[in-house]
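Visitor: One structure coming up, written as structure tokens, with questions to follow.
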Amino acid sequence: MVVYFDNAATTRPFDEVIEGLKDFLAQNYGNPSSLHRLGVSAEKVLKEAKWKIAQKINVSPEEVYFTSGGTEANNLALIGIAFANQKRGNKIISSSVEHPSVLSTLEYLKRCGFEIHFLKVDQNGKIDFEELENEVDSKTILVSVMLVNNETGHIFDVKKIAEVAKRENPNIIVHTDAVQAFMKEKTNAKELNVDLMSISGHKIHALKGIGALYIKKGLNIQPIIFGGEQQNEVRPGTENMPGIFSIYKAIEVYERLQDEQPNKLRMIKQRFIEGLRNFDDVVINSPLDTTSDAILNVSFLGIKSEVLLHTLEGYGVFASSGSACSSKGRTYNKVLYSMGKSMEIAQSSVRFSFSYLNSLEEVDYALEVLEKSLKFLQKIKR
Amino acid sequence: MNGMKAILIRYGELALKGLNRPLFEDRLVKNIKRKLKNFHNISITKEQGRIFIQNLSEDDFYFAIEKLKKVFGLVGFTICEVAEKEIEAIKSAALNVALNEIQKGKKTFKVETKRADKTFELKSPELSRLIGAHLLKNLADKYGLKVDVHNPDFEVNIEIRDKAYVYSSEEKGIGGMPLGTGGKAHLLLSGGIDSPVAGFMVAKRGVEIEAVHFYSFPYTGEKAKEKVIDICRVLVQFTDRLKLHIVPFTEIQTTIYEKCNERYLTIIMRRFMMKIAERIAVKNGGLALVTGESIGQVASQTMESIICTNAAVSMPVLRPLIGMDKEEIIRIAKNIGTYDISILPYEDCCTVFVPKHPKTKPKLEEVLEEEKKIDAQRLIEDAISNTEWMVIEDR
């Protein structure tokens, strides 16, 4: 039995996506910029896909820009806004638990002379709004905080973050990395009051290599790559049409599944957490009420993440040890550690992440396998 | 014809080998042929203490050079422009050669001609003068090139043979001895920084290397195995091919962990590795073991620990890094290209089972006493009979 519980890393494309692509690749291969019929036919798909995403996040289709993925969307948002708005100030505020595509981009901007402040995140995955208030000043041009943390699933109150930041300085631009949130949490850009939002295709059963950035109309942004006139020259280059088709199709399928079983992910996670209550030395790092239903991060105290991961793998259960940080021979989860969790918790955490293709039976099987594995690993526990 | 190149190869150290010399030379030629097997039209010949590679197109030439830089036993090579035996063709080849030297910052030159073909229209000194004048006319004003017959920055050498060969300074090769002239040894390859370097050092002395890796699923994962294979892929750029033995090690590790005193874990584990590697070596014609140990680097590499691991086998154990500092090892690892792979953060067999307070000065009698608690013979037999192997080849 293969149980894929690593859906926050990537997902298996929906069958409808795979099947639809075959015809699309063979027949609809035109360049959407071409003036002839084949071009127009491709352009139609492009427009439909923009419309679909726009509808999901409550923006206009022309505010949606396709990128090569979440990483590029985050790069474009941060670098594009920072350099285009340099005259107004040079300070950027973010959080200490962002995805590497945000953290590394901010490190780059720091080397370019921008002042970066990383908000602390506490053990409950919350930022301190007082700290935010104190940090926002007239020089601050951008605030970027993720919607759902990829390691723990913690949901950030981006709505309140935008509210506090804009109250302090109305010119502030707010970006949110919604890669783990799109199709899973509320991603209503207007309600959240954000000006930019990054999403990715392969986390929602579309292809790898496709993502999108919502850029609010009228925002001052500069491109980070240069080329032809596609996408208002904000993101030039011939559009990745197979990717764009796949994201369109995946959203369609996702919507249908959500209609059929609105609470499926929550039921899966709940069942998993209940099952874990029978185990000793388990710390749940993703409580049901403050984290995404799609992500369950658990520490099995005394057992190294990677070792448990491989043991589970041996039974066909796939999970993640998270983005590891290595120092002095110890491997630990960076995000958990920077949230102030103990080294013991950070060294032994495993992330299970769910999707609509999972089932409750799979949870039961995983729990069974976990019990076996833990019993076996007790032998080397210290 | 123009644009064709030849490469002249020098192999210094081999000259010392007396009667064995032809053997070593033939081996080197064979190794070079194997490295360049994908270049179909070239000719590789041995003559008068040099190896000559001919018929290289401009395009192939740049690919071939990269391959040759990784052939052990090759001390230096000289790149020759090959021209027809006509004055104009030789002039243009000499100009190319001189320009190449000028790019390296050289300013003064002289021309030397050797004439094997005595029917050539000009005598050697005449041709030298003619070419020298041509170079000055074209390059003196623009680059400040001057003649200096006593102490030139570079020489333009012309050899008139079947064709005219024009060349200048020699580039350094990697050195060492031709692979396959030094027997075979088995390398204990963990995936860390040290062991690949140790393998490289021994291979450089002409020794054929096979690698032995200990795999402890689930304590180490597929990525750790892939990492070792990737390291082998780098090593085979030098050794052409390599047999990698993958030994299942989980049961041995857990048994030691359960039954033996925690403080002796690492030392006993290492003794098992040595014993298994020795068995594999014997079966595969290996004459020695190679490890990446360096004195004092970690607890299992103190003199006392080395004595204990050494006592596990009767085969000689080569430890080419024994006197090196970590910085020196890292520098070589970066040079050969294994470093970036080695530092990938996966659990490996040495990091999972680490005692909190290992014995830094273990006594052999105590270690042997501890080992009596486990059925070593059966564990080793099992591990060896379940060992898998694969051959990794340079592509």
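All residue names refer to the structure tokens as shown: chains lettered A, B, ... in order, residues numbered from 1 in each chain, ligands numbered from 1 in order.
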Taking the backbone alone, and naming residues the way the document does, which bits of range 16-209 of chain B are strand (DSSP E) by DSSP, as a ChimeraX atom specification?
Guide: /B:43-47,50-56,74-83,108-115,146-147,154-160,164-175,184-188,208-209
Visitor: Show me which bits of chain B are within 6 Å of chain A, counting only C-alpha atoms, as a PyMOL selection string.
Guide: chain B and resi 218-219+221
Visitor: Kindly export the residues of the current selection with N, CA and C atoms, as a PDB file, in the first residue's frame.
Guide:
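Once written, again29.pdb looks like this:
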```
ATOM      1  N   PRO B 218      16.340   1.818   7.859  1.00  0.00           N
ATOM      2  CA  PRO B 218      15.828   3.179   7.635  1.00  0.00           C
ATOM      3  C   PRO B 218      16.645   4.281   8.316  1.00  0.00           C
ATOM      4  N   TYR B 219      17.783   3.916   8.874  1.00  0.00           N
ATOM      5  CA  TYR B 219      18.546   4.966   9.570  1.00  0.00           C
ATOM      6  C   TYR B 219      19.205   5.905   8.567  1.00  0.00           C
ATOM      7  N   GLY B 221      18.662   6.938   4.279  1.00  0.00           N
ATOM      8  CA  GLY B 221      17.643   6.756   3.244  1.00  0.00           C
ATOM      9  C   GLY B 221      18.204   6.650   1.844  1.00  0.00           C
TER      10      GLY B 221
END
```
Visitor: Give one line per residue of range 154-191 of chain B that approaches range 124-140 of chain B to at most 12 Å, naming the two atoms of the closest pair and their distance in Å to one decimal, counting only C-alpha atoms; sort by chain then ascending residue number and deliver it as a tab-separated table.
Guide:
```
residue	atom	partner	partner_atom	distance
B:Glu155	CA	B:Gly132	CA	10.4
B:Val156	CA	B:Gly132	CA	8.8
B:Asn157	CA	B:Ser128	CA	8.9
B:Ile158	CA	B:Ser128	CA	8.1
B:Glu159	CA	B:Ser124	CA	9.3
B:Ile160	CA	B:Ser124	CA	9.1
B:Ala164	CA	B:Leu127	CA	11.6
B:Val166	CA	B:Ile131	CA	10.9
```
Visitor: Store the residues picked out above in a file with N, CA and C atoms, as an mmCIF file, in the first residue's frame.
Guide:
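The resulting file, result_29.cif, is reproduced below:
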```cif
data_model
loop_
_atom_site.group_PDB
_atom_site.id
_atom_site.type_symbol
_atom_site.label_atom_id
_atom_site.label_comp_id
_atom_site.auth_asym_id
_atom_site.auth_seq_id
_atom_site.Cartn_x
_atom_site.Cartn_y
_atom_site.Cartn_z
ATOM 1 N N GLU B 155 58.410 30.255 -26.051
ATOM 2 C CA GLU B 155 58.996 29.843 -27.320
ATOM 3 C C GLU B 155 57.891 29.441 -28.270
ATOM 4 N N VAL B 156 58.089 29.766 -29.549
ATOM 5 C CA VAL B 156 57.211 29.183 -30.560
ATOM 6 C C VAL B 156 58.011 28.061 -31.211
ATOM 7 N N ASN B 157 57.587 26.827 -30.980
ATOM 8 C CA ASN B 157 58.306 25.681 -31.523
ATOM 9 C C ASN B 157 57.646 25.199 -32.799
ATOM 10 N N ILE B 158 58.480 24.942 -33.796
ATOM 11 C CA ILE B 158 57.950 24.428 -35.059
ATOM 12 C C ILE B 158 58.647 23.110 -35.354
ATOM 13 N N GLU B 159 57.876 22.078 -35.592
ATOM 14 C CA GLU B 159 58.465 20.801 -35.996
ATOM 15 C C GLU B 159 57.949 20.462 -37.378
ATOM 16 N N ILE B 160 58.876 20.250 -38.292
ATOM 17 C CA ILE B 160 58.483 19.876 -39.650
ATOM 18 C C ILE B 160 58.611 18.368 -39.778
ATOM 19 N N ALA B 164 53.392 20.239 -40.486
ATOM 20 C CA ALA B 164 54.090 21.194 -39.623
ATOM 21 C C ALA B 164 53.321 21.307 -38.307
ATOM 22 N N VAL B 166 53.086 23.300 -34.743
ATOM 23 C CA VAL B 166 53.516 24.548 -34.106
ATOM 24 C C VAL B 166 52.931 24.580 -32.709
#
```
Visitor: Can you tell me how far CA of Ile57 in chain A sits from CA of Gly69 in chain A, in Å to one decimal?
Guide: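 Computing the Euclidean distance for CA of Ile57 in chain A and CA of Gly69 in chain A yields 17.1 Å.
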Visitor: For a test of reading the model, state the distance in Å between CA of Glu133 in chain A and CA of Ala189 in chain A, rounded to one decimal.
Guide: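 Going from CA of Glu133 in chain A over to CA of Ala189 in chain A covers 21.8 Å.
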Visitor: Counting only C-alpha atoms, figure out which residue out of A:Glu48, A:Glu131, A:Glu191, A:Asp364 gets nearest to Glu274 in chain A.
Guide: A:Asp364
Visitor: Could you give me, as a PyMOL selection string, the residues within 7 Å of Ala366 in chain A, counting only C-alpha atoms and dropping anything in the same chain fewer than 4 positions from it?
Guide: chain A and resi 317+362+370
Visitor: Please produce, as a Markdown table, a per-residue contact table for range 298-339 of chain B versus range 182-201 of chain B (criterion: any atom at most 10 Å away, only C-alpha atoms considered), showing the nearest atom pair and its distance in Å to one decimal, sorted by chain then residue number.
Guide:
```
| residue | atom | partner | partner_atom | distance |
| --- | --- | --- | --- | --- |
| B:Pro316 | CA | B:Ala185 | CA | 9.7 |
| B:Val317 | CA | B:Ala185 | CA | 9.2 |
| B:Leu318 | CA | B:Ala198 | CA | 8.7 |
| B:Arg319 | CA | B:Ala198 | CA | 7.0 |
| B:Pro320 | CA | B:Ala198 | CA | 5.7 |
| B:Leu321 | CA | B:Ala198 | CA | 6.2 |
| B:Ile322 | CA | B:Ala198 | CA | 9.4 |
| B:Lys326 | CA | B:Asp194 | CA | 8.5 |
| B:Ile329 | CA | B:Asp194 | CA | 6.7 |
| B:Ile330 | CA | B:Ile193 | CA | 7.0 |
| B:Arg331 | CA | B:Val197 | CA | 9.7 |
| B:Ile332 | CA | B:Val197 | CA | 6.8 |
| B:Ala333 | CA | B:Val197 | CA | 5.8 |
| B:Lys334 | CA | B:Ile193 | CA | 9.5 |
| B:Asn335 | CA | B:Val197 | CA | 9.9 |
| B:Ile336 | CA | B:Val197 | CA | 8.1 |
| B:Gly337 | CA | B:Val197 | CA | 9.8 |
| B:Thr338 | CA | B:Pro196 | CA | 7.0 |
| B:Tyr339 | CA | B:Ile193 | CA | 6.1 |
```
Visitor: Output N, CA and C atoms for every residue in that selection, as a PDB file, in the first residue's frame.
Guide:
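And here is the file that came out, result27.pdb:
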```pdb
ATOM      1  N   PRO B 316      46.660  -4.964   4.513  1.00  0.00           N
ATOM      2  CA  PRO B 316      47.141  -3.603   4.810  1.00  0.00           C
ATOM      3  C   PRO B 316      46.029  -2.565   4.630  1.00  0.00           C
ATOM      4  N   VAL B 317      46.030  -1.564   5.489  1.00  0.00           N
ATOM      5  CA  VAL B 317      45.026  -0.502   5.384  1.00  0.00           C
ATOM      6  C   VAL B 317      45.747   0.783   5.004  1.00  0.00           C
ATOM      7  N   LEU B 318      45.399   1.316   3.842  1.00  0.00           N
ATOM      8  CA  LEU B 318      46.031   2.559   3.396  1.00  0.00           C
ATOM      9  C   LEU B 318      45.204   3.732   3.898  1.00  0.00           C
ATOM     10  N   ARG B 319      45.889   4.692   4.506  1.00  0.00           N
ATOM     11  CA  ARG B 319      45.200   5.867   5.050  1.00  0.00           C
ATOM     12  C   ARG B 319      45.880   7.123   4.517  1.00  0.00           C
ATOM     13  N   PRO B 320      45.595   7.466   3.261  1.00  0.00           N
ATOM     14  CA  PRO B 320      46.352   8.554   2.636  1.00  0.00           C
ATOM     15  C   PRO B 320      46.139   9.924   3.298  1.00  0.00           C
ATOM     16  N   LEU B 321      45.107  10.076   4.107  1.00  0.00           N
ATOM     17  CA  LEU B 321      44.848  11.393   4.708  1.00  0.00           C
ATOM     18  C   LEU B 321      45.402  11.494   6.118  1.00  0.00           C
ATOM     19  N   ILE B 322      46.134  10.478   6.537  1.00  0.00           N
ATOM     20  CA  ILE B 322      46.469  10.337   7.952  1.00  0.00           C
ATOM     21  C   ILE B 322      47.082  11.602   8.553  1.00  0.00           C
ATOM     22  N   LYS B 326      41.930  19.099   8.246  1.00  0.00           N
ATOM     23  CA  LYS B 326      40.625  19.147   7.570  1.00  0.00           C
ATOM     24  C   LYS B 326      40.653  20.133   6.386  1.00  0.00           C
ATOM     25  N   ILE B 329      42.141  18.631   3.363  1.00  0.00           N
ATOM     26  CA  ILE B 329      41.266  17.609   2.768  1.00  0.00           C
ATOM     27  C   ILE B 329      40.143  18.300   1.997  1.00  0.00           C
ATOM     28  N   ILE B 330      39.593  19.340   2.594  1.00  0.00           N
ATOM     29  CA  ILE B 330      38.489  20.064   1.948  1.00  0.00           C
ATOM     30  C   ILE B 330      38.954  20.687   0.637  1.00  0.00           C
ATOM     31  N   ARG B 331      40.182  21.190   0.646  1.00  0.00           N
ATOM     32  CA  ARG B 331      40.693  21.822  -0.574  1.00  0.00           C
ATOM     33  C   ARG B 331      40.752  20.802  -1.726  1.00  0.00           C
ATOM     34  N   ILE B 332      41.242  19.608  -1.423  1.00  0.00           N
ATOM     35  CA  ILE B 332      41.302  18.580  -2.474  1.00  0.00           C
ATOM     36  C   ILE B 332      39.887  18.166  -2.894  1.00  0.00           C
ATOM     37  N   ALA B 333      39.007  18.013  -1.894  1.00  0.00           N
ATOM     38  CA  ALA B 333      37.627  17.609  -2.207  1.00  0.00           C
ATOM     39  C   ALA B 333      36.974  18.621  -3.139  1.00  0.00           C
ATOM     40  N   LYS B 334      37.258  19.902  -2.905  1.00  0.00           N
ATOM     41  CA  LYS B 334      36.695  20.936  -3.777  1.00  0.00           C
ATOM     42  C   LYS B 334      37.305  20.855  -5.172  1.00  0.00           C
ATOM     43  N   ASN B 335      38.606  20.602  -5.221  1.00  0.00           N
ATOM     44  CA  ASN B 335      39.283  20.487  -6.506  1.00  0.00           C
ATOM     45  C   ASN B 335      38.746  19.350  -7.352  1.00  0.00           C
ATOM     46  N   ILE B 336      38.543  18.198  -6.741  1.00  0.00           N
ATOM     47  CA  ILE B 336      38.088  17.067  -7.545  1.00  0.00           C
ATOM     48  C   ILE B 336      36.584  17.096  -7.747  1.00  0.00           C
ATOM     49  N   GLY B 337      35.866  17.878  -6.933  1.00  0.00           N
ATOM     50  CA  GLY B 337      34.436  18.059  -7.179  1.00  0.00           C
ATOM     51  C   GLY B 337      33.519  17.199  -6.326  1.00  0.00           C
ATOM     52  N   THR B 338      34.050  16.597  -5.251  1.00  0.00           N
ATOM     53  CA  THR B 338      33.175  15.790  -4.396  1.00  0.00           C
ATOM     54  C   THR B 338      32.616  16.581  -3.211  1.00  0.00           C
ATOM     55  N   TYR B 339      33.222  17.724  -2.928  1.00  0.00           N
ATOM     56  CA  TYR B 339      32.878  18.458  -1.701  1.00  0.00           C
ATOM     57  C   TYR B 339      31.398  18.824  -1.622  1.00  0.00           C
TER      58      TYR B 339
END
```
Visitor: For range 48-54 of chain B, please output as number ranges by chain all residues within 6 Å (counting only C-alpha atoms; exclusion window: fewer than 2 positions along the same chain).
Guide: B: 6-10, 42-46, 56
Visitor: Among range 67-246 of chain A, which ones does DSSP assign to alpha helix (DSSP H) (computed from the backbone)? Answer as an MDAnalysis selection string.
Guide: chainID A and resid 70:84 100:111 129:135 158:168 189:192 241:246
Visitor: At a cut-off of 9 Å, using only C-alpha atoms, what residues contact range 69-80 of chain B? Leave out same-chain residues fewer than 5 positions from it and give the result as a PDB file with C-alpha atoms, in the first residue's frame.
Guide:
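Written file, around_37.pdb:
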```pdb
ATOM      1  CA  MET B   4      43.191  21.026 -36.835  1.00  0.00           C
ATOM      2  CA  LYS B   5      44.995  20.419 -33.613  1.00  0.00           C
ATOM      3  CA  ALA B   6      47.191  17.793 -32.046  1.00  0.00           C
ATOM      4  CA  ILE B   7      48.129  17.181 -28.444  1.00  0.00           C
ATOM      5  CA  LEU B   8      51.573  16.153 -27.301  1.00  0.00           C
ATOM      6  CA  ILE B   9      51.584  14.357 -23.989  1.00  0.00           C
ATOM      7  CA  ARG B  10      54.472  14.096 -21.529  1.00  0.00           C
ATOM      8  CA  TYR B  11      54.591  11.524 -18.742  1.00  0.00           C
ATOM      9  CA  GLY B  12      57.631  12.350 -16.657  1.00  0.00           C
ATOM     10  CA  GLU B  13      57.751   9.957 -13.743  1.00  0.00           C
ATOM     11  CA  LEU B  14      57.384   6.883 -15.874  1.00  0.00           C
ATOM     12  CA  LEU B  28      48.756   4.995 -20.161  1.00  0.00           C
ATOM     13  CA  ASN B  31      43.780   4.649 -20.544  1.00  0.00           C
ATOM     14  CA  ILE B  32      43.935   7.671 -22.822  1.00  0.00           C
ATOM     15  CA  LYS B  35      38.974   8.237 -22.123  1.00  0.00           C
ATOM     16  CA  ALA B  64      39.241  16.177 -25.300  1.00  0.00           C
ATOM     17  CA  ALA B  93      49.501  28.644 -37.112  1.00  0.00           C
ATOM     18  CA  VAL B  97      50.088  30.042 -30.916  1.00  0.00           C
ATOM     19  CA  TYR B 165      53.437  21.205 -35.896  1.00  0.00           C
ATOM     20  CA  VAL B 166      53.516  24.548 -34.106  1.00  0.00           C
ATOM     21  CA  TYR B 167      53.299  24.775 -30.337  1.00  0.00           C
ATOM     22  CA  SER B 168      54.419  26.656 -27.273  1.00  0.00           C
ATOM     23  CA  SER B 169      54.273  26.138 -23.534  1.00  0.00           C
ATOM     24  CA  GLU B 170      53.128  23.021 -21.788  1.00  0.00           C
ATOM     25  CA  GLU B 171      50.026  22.812 -19.635  1.00  0.00           C
ATOM     26  CA  LYS B 172      50.053  20.822 -16.446  1.00  0.00           C
ATOM     27  CA  GLY B 173      48.385  17.450 -16.261  1.00  0.00           C
ATOM     28  CA  ILE B 174      47.094  15.869 -13.087  1.00  0.00           C
ATOM     29  CA  GLY B 175      50.231  13.724 -12.579  1.00  0.00           C
ATOM     30  CA  GLY B 176      50.345  10.452 -10.699  1.00  0.00           C
ATOM     31  CA  MET B 177      50.655   6.974 -12.174  1.00  0.00           C
ATOM     32  CA  PRO B 178      48.545   5.356 -14.905  1.00  0.00           C
ATOM     33  CA  LEU B 179      45.518   3.671 -13.504  1.00  0.00           C
ATOM     34  CA  ALA B 203      43.742   5.997  -7.397  1.00  0.00           C
ATOM     35  CA  LYS B 204      46.147   8.726  -8.398  1.00  0.00           C
ATOM     36  CA  ARG B 205      49.000   6.316  -7.686  1.00  0.00           C
ATOM     37  CA  GLY B 206      47.668   3.958 -10.324  1.00  0.00           C
ATOM     38  CA  GLN B 237      35.768  10.902 -14.165  1.00  0.00           C
ATOM     39  CA  PHE B 238      39.295  10.034 -13.031  1.00  0.00           C
ATOM     40  CA  THR B 239      39.115   6.263 -12.795  1.00  0.00           C
TER      41      THR B 239
END
```
Visitor: Quick one: residues within 10 Å of Lys341 in chain A, only C-alpha atoms counted, chain neighbours fewer than 6 positions away excluded, as a ChimeraX atom specification?
Guide: /A:122-124,285,333-335
Visitor: Excluding Lys120 in chain A and its own-chain neighbours fewer than 6 positions away, which residues fall within 10 Å of it when counting only C-alpha atoms? Please give them as a list of chain:residue names.
Guide: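 So the residues in contact are A:Ser94, A:Ser95, A:Ser96, A:Val97, A:Lys126, A:Ile127, A:Asp128, A:Glu131, A:Leu132, A:Ser338, A:Met339, A:Gly340.
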Visitor: Rounded to one decimal place, report the CA of Gly292 in chain B-CA of Ile268 in chain B distance in Å.
Guide: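 These two atoms are separated by 17.3 Å.
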Visitor: Find the residue from B:Thr181, B:Thr113, B:Thr254, B:Asn310 that sits nearest to Ile209 in chain B; use only C-alpha atoms when measuring.
Guide: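 Of all the options, B:Thr181 lies closest to Ile209 in chain B.
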